[in-house]
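Peer 1: Got a structure for you, questions after.
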Amino acid sequence: MAGSSMKVVLPDNSELELPAGATGLDAARAIGPKLAEQAVLVRANGRAQDLRLPLQDGEPIQILTIRDKDDPDALAVLRHSSAHLLAEAVTRLYPGVRLAIGPAIENGFYYDFDFPEPIREEDLEKIQAEIDRELAEGREWVRQEVSRDEARELFSSDPYKLELVDTAEGDISIYTQSHDGVGNFTDLCRGPHLQDSKPIKALKLTGLAGAYWRGDSSNPQLTRIYGTAFYAQKDLDAYLERIEEARRRDHRHIGPQLDLFHFDEHSPGSPLWHPHGMVIWNELERVRRRENAKRGYLEVRTPIIYDADTFWTSGHFPKYEDLMFKVDVRGQQFAMKSMNCPGHMLLFGSRLRSYKELPVRFAEPAPLHRDELPGTLHGLLRVRIVTQDDAHIFCTEEQIQDEIAGCVAYARYLYELFDMKASAELATRPDNKIGTDEQWDHNEAALETALALNEIPYTLAPGEGAFYGPKIDLFMDDALGRKWQMGTIQLDSQMPHRDPDRAFRRRLPVLARAGAGAGAAGRGGARRAGADPRASAARRGLPGRGRGAKRDDRQANPGGRAREDPRDRRLRRPRERREPRGARARRRAIDPRAFRPPRQAC
């Protein structure tokens with residue numbers, strides 16, 4: 001009968017016929033019982049999907065199993081399920097606790113709790129023992145879709161879950177984990193989850209931190225418990241060994257020991273460079289000047305502060321104000337620059353220019369200031385004063401490809417000077433973009449073509465571009481094999497057209513690039529690959545956000561970026577009220593990842 005069956009495409013391009021509405025688990029069973037037993041996730045049309053969800057006719061699928069232990073999606077579903085085991089253990093041990101969210105993140109997972117009484121690091125041992133007991137008993141996960149009213153009734157005593165239910169878009173699903181057919185714990189969750197807990201061979205809780213509900217400091221502060229999980233004990237052992245090695249190599253301790261630099265609470269997040277450190281600084285500066293001159297860059301110097309109108313015109317105030325230091329000058333609002341873009345636009349627009357002058361390449365090693373949140377500061381990798389090899393290239397549309405290719409080749413040369421290999425992330429349009437879709441299509445294609453021409457391996461980072469244009473983030477591997485962002489190339493088609501008083505007479509793209517830096521690397525400070533740009537990527541060795549995590553977290557954070565940020569209210573005030581010094585100090589323990597909703601969460 002028509003419509004009673006469907007077909008899916010397997011990785012070898014063969015077709016598998018299934019009943020209409022079949023799930024990923026049904027597909028695994030049709031291939032073989034062993035595959036069905038070991039299956040943990042299905043990748044349907046390139047997206048990770050719970051095995052229990054129906055497949056679509058004609059879509060390509062890949063069944064992930066316990067053998068795919070290094071696959072980011074396979075690890076994410078294992079760790080997401082581990083977060084639910086943590087939630088069950090905490091609920092059993094601490095009656096009256098309220099649950100928030102518990103996503104998988106890079107290298108692990110966390111769950112946020114509102115405890116009746118504070119807990120301490122030593123309490124993690126008791127919680128770990130309860131999780132070990134759950135694993136010994138075994139757990140299975142059962143998925144259900146419920147109505148909004150049913151969900152409200154089910155979570156009537158938990159205000160955080162109720163808020164998620166009320167603001168969720170689409171179907172609402174719950175997962176119940178059970179033992180011997182008896183439900184032990186039910187949570188609001190999009191999934192995906194494992195079939196059962198058998199694949200979880202190694203699980204360890206790693207620490208505590210503070211976290212604001214939904215990343216908003218005006219909301220209650222929660223307790224975040226971190227953990228990690230693997231498909232094999234040897235993988236956990238190797239991870240813990242890497243973490244210990246990272247602590248031994250921590251530059252925050254080595255730098256002062258070698259008399260290179262130190263930090264002082266009188267200016268948090270701002271390194272004080274010692275004479276020995278300046279020897280290294282000046283040598284890097286010599287290399288920068290030499291290589292920039294070889295490539296036709298013109299060195300310039302622009303002011304540190306500008307009036308507020310400049311940043312309104314450039315678009316930085318509407319989109320970036322919360323990271324900028326404001327200054328009151330005789331009743332007029334100014335701000336310290338967090339990037340060189342506006343100054344370079346003023347320089348280029350100071351007179352009429354012929355197309356024969358293009359490309360024009362301005363370079364400036366200027367100190368940039370960013371009001372990073374106290375909890376995000378991390379040695380030289382996340383600071384409040386950034387000095388970097390910053391440059392802007394003004395060119396024609398026809399010159400874009402060559403200029404991008406030149407920037408990529410330059411960055412590769414710099415990294416190879418230090419025996420580092422470059423890889424890349426291509427960050428595409430964010431929700432708060434400015435400009436038309438057609439402009440973004442063109443610019444994203446130009447960057448992608450440049451990467452292909454240069455044979456640079458890269459991954460996509462959907463939605464992680466700057467508000468004014470897509471970008472290439474360049475990464476290098478450190479001695480422990482971790483990837484860190486050390487540079488960026490951004491294509492901006494917006495800023496030159498936002499200032500009608502300047503000498504721009506045609507649509508003129510601008511390339512912004514930063515290849516090297518001192519104090520912090522990259523235009524936003526160094527960050528781990530796939531990590532939250534607002535996060536301290538290696539804070540105490542704790543895990544960050546995973547590359548495989550989903551951006552769409554509407555059930556956990558239904559408003560997403562479209563929800564009004566309370567900080568936006570600053571834009572309607574002529575002057576910024578600073579927090580009392582003591583209040584800012586009290587926030588240093590807050591987990592930096594709490595200031596932005598996770599990509600994937602329950």
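Just so we're on the same page: first chain in the structure tokens is A, next is B, and so on; residues restart at 1 for each chain, and ligands are numbered from 1 in the order they show up.
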Can you tell me which residues surround A:Lys201 at a distance of at most 10 Å, considering only C-alpha atoms, apart from same-chain residues fewer than 4 positions away, and format the answer as an MDAnalysis selection string?

Peer 2: chainID A and resid 78 135 197 229:236

Peer 1: Go ahead and save the picked residues with N, CA and C atoms, as a PDB file, in the first residue's frame.

Peer 2:
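Result written to selection-v8.pdb:
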ATOM      1  N   LEU A  78      26.466  10.108  25.399  1.00  0.00           N
ATOM      2  CA  LEU A  78      26.906   9.400  26.611  1.00  0.00           C
ATOM      3  C   LEU A  78      26.962  10.365  27.795  1.00  0.00           C
ATOM      4  N   LEU A 135      24.856   2.981  38.329  1.00  0.00           N
ATOM      5  CA  LEU A 135      25.467   2.275  37.206  1.00  0.00           C
ATOM      6  C   LEU A 135      25.530   0.777  37.464  1.00  0.00           C
ATOM      7  N   SER A 197      22.273   2.420  30.406  1.00  0.00           N
ATOM      8  CA  SER A 197      23.534   2.923  30.971  1.00  0.00           C
ATOM      9  C   SER A 197      24.720   1.998  30.757  1.00  0.00           C
ATOM     10  N   ALA A 229      32.634  11.715  31.305  1.00  0.00           N
ATOM     11  CA  ALA A 229      32.322  10.303  31.119  1.00  0.00           C
ATOM     12  C   ALA A 229      32.891   9.829  29.797  1.00  0.00           C
ATOM     13  N   PHE A 230      33.238   8.532  29.754  1.00  0.00           N
ATOM     14  CA  PHE A 230      33.832   7.935  28.571  1.00  0.00           C
ATOM     15  C   PHE A 230      33.284   6.531  28.376  1.00  0.00           C
ATOM     16  N   TYR A 231      33.524   6.003  27.175  1.00  0.00           N
ATOM     17  CA  TYR A 231      33.123   4.637  26.867  1.00  0.00           C
ATOM     18  C   TYR A 231      34.117   3.611  27.398  1.00  0.00           C
ATOM     19  N   ALA A 232      35.295   4.069  27.843  1.00  0.00           N
ATOM     20  CA  ALA A 232      36.311   3.145  28.359  1.00  0.00           C
ATOM     21  C   ALA A 232      37.078   3.817  29.488  1.00  0.00           C
ATOM     22  N   GLN A 233      37.463   3.030  30.502  1.00  0.00           N
ATOM     23  CA  GLN A 233      38.201   3.561  31.646  1.00  0.00           C
ATOM     24  C   GLN A 233      39.540   4.141  31.221  1.00  0.00           C
ATOM     25  N   LYS A 234      40.187   3.501  30.233  1.00  0.00           N
ATOM     26  CA  LYS A 234      41.503   3.991  29.804  1.00  0.00           C
ATOM     27  C   LYS A 234      41.394   5.405  29.224  1.00  0.00           C
ATOM     28  N   ASP A 235      40.260   5.726  28.591  1.00  0.00           N
ATOM     29  CA  ASP A 235      40.084   7.070  28.051  1.00  0.00           C
ATOM     30  C   ASP A 235      39.923   8.094  29.164  1.00  0.00           C
ATOM     31  N   LEU A 236      39.220   7.730  30.226  1.00  0.00           N
ATOM     32  CA  LEU A 236      39.112   8.620  31.383  1.00  0.00           C
ATOM     33  C   LEU A 236      40.475   8.826  32.028  1.00  0.00           C
TER      34      LEU A 236
END

Peer 1: Which residues are near stretch 307-311 of chain A? Cut-off 6 Å, only C-alpha atoms, ignore same chain within fewer than 4 positions. Put them as number ranges by chain.

Peer 2: A: 315-317, 333-334

Peer 1: So, with only C-alpha atoms as the atoms that count, which of A:Asp26, A:Asp328, A:Asp73, A:Asp402 lies closest to A:Asn454?

Peer 2: A:Asp402

Peer 1: Rounded to one decimal, what separation in Å do you get between atom CA of A:His369 and atom CA of A:Arg513?

Peer 2: 17.5 Å

Peer 1: DSSP on the backbone, strand (DSSP E or B) only: what residues of stretch 83-330 of chain A does that give? Format it as a VMD selection string.

Peer 2: chain A and resid 98 to 99 104 to 105 108 to 114 140 to 146 172 to 179 182 to 188 196 202 to 212 221 to 230 261 to 262 272 to 273 298 to 299 305 to 307 326 to 329

Peer 1: Pick out the residues sitting within 10 Å of A:Arg361, and hand them over as a PDB file with C-alpha atoms, in the first residue's frame; count only C-alpha atoms, and ignore anything fewer than 6 positions along from it in its own chain.

Peer 2:
ATOM      1  CA  ASN A 292      53.976  43.346   7.737  1.00  0.00           C
ATOM      2  CA  ARG A 295      53.341  42.290   2.663  1.00  0.00           C
ATOM      3  CA  GLY A 296      52.560  45.928   2.009  1.00  0.00           C
ATOM      4  CA  TYR A 297      50.950  46.877   5.330  1.00  0.00           C
ATOM      5  CA  LEU A 298      51.046  50.551   6.338  1.00  0.00           C
ATOM      6  CA  GLU A 299      51.526  51.063  10.061  1.00  0.00           C
ATOM      7  CA  VAL A 300      49.164  53.562  11.709  1.00  0.00           C
ATOM      8  CA  HIS A 344      40.833  52.685  10.680  1.00  0.00           C
ATOM      9  CA  PHE A 348      40.616  55.654   5.321  1.00  0.00           C
ATOM     10  CA  ALA A 391      44.974  45.061  10.474  1.00  0.00           C
ATOM     11  CA  HIS A 392      42.240  46.179   8.073  1.00  0.00           C
ATOM     12  CA  ILE A 393      42.403  45.735   4.319  1.00  0.00           C
ATOM     13  CA  PHE A 394      40.256  47.964   2.095  1.00  0.00           C
ATOM     14  CA  CYS A 395      39.798  46.359  -1.298  1.00  0.00           C
ATOM     15  CA  GLU A 403      43.478  39.251  -0.040  1.00  0.00           C
ATOM     16  CA  VAL A 510      36.913  45.429   4.415  1.00  0.00           C
ATOM     17  CA  LEU A 511      38.962  42.494   5.653  1.00  0.00           C
ATOM     18  CA  ALA A 512      39.831  42.594   9.350  1.00  0.00           C
TER      19      ALA A 512
END

Peer 1: Record the distance separating atom CA of A:Gly465 and atom CA of A:Ile404, expressed in Å with one decimal.

Peer 2: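 We find that atom CA of A:Gly465 and atom CA of A:Ile404 lie 16.1 Å from each other.
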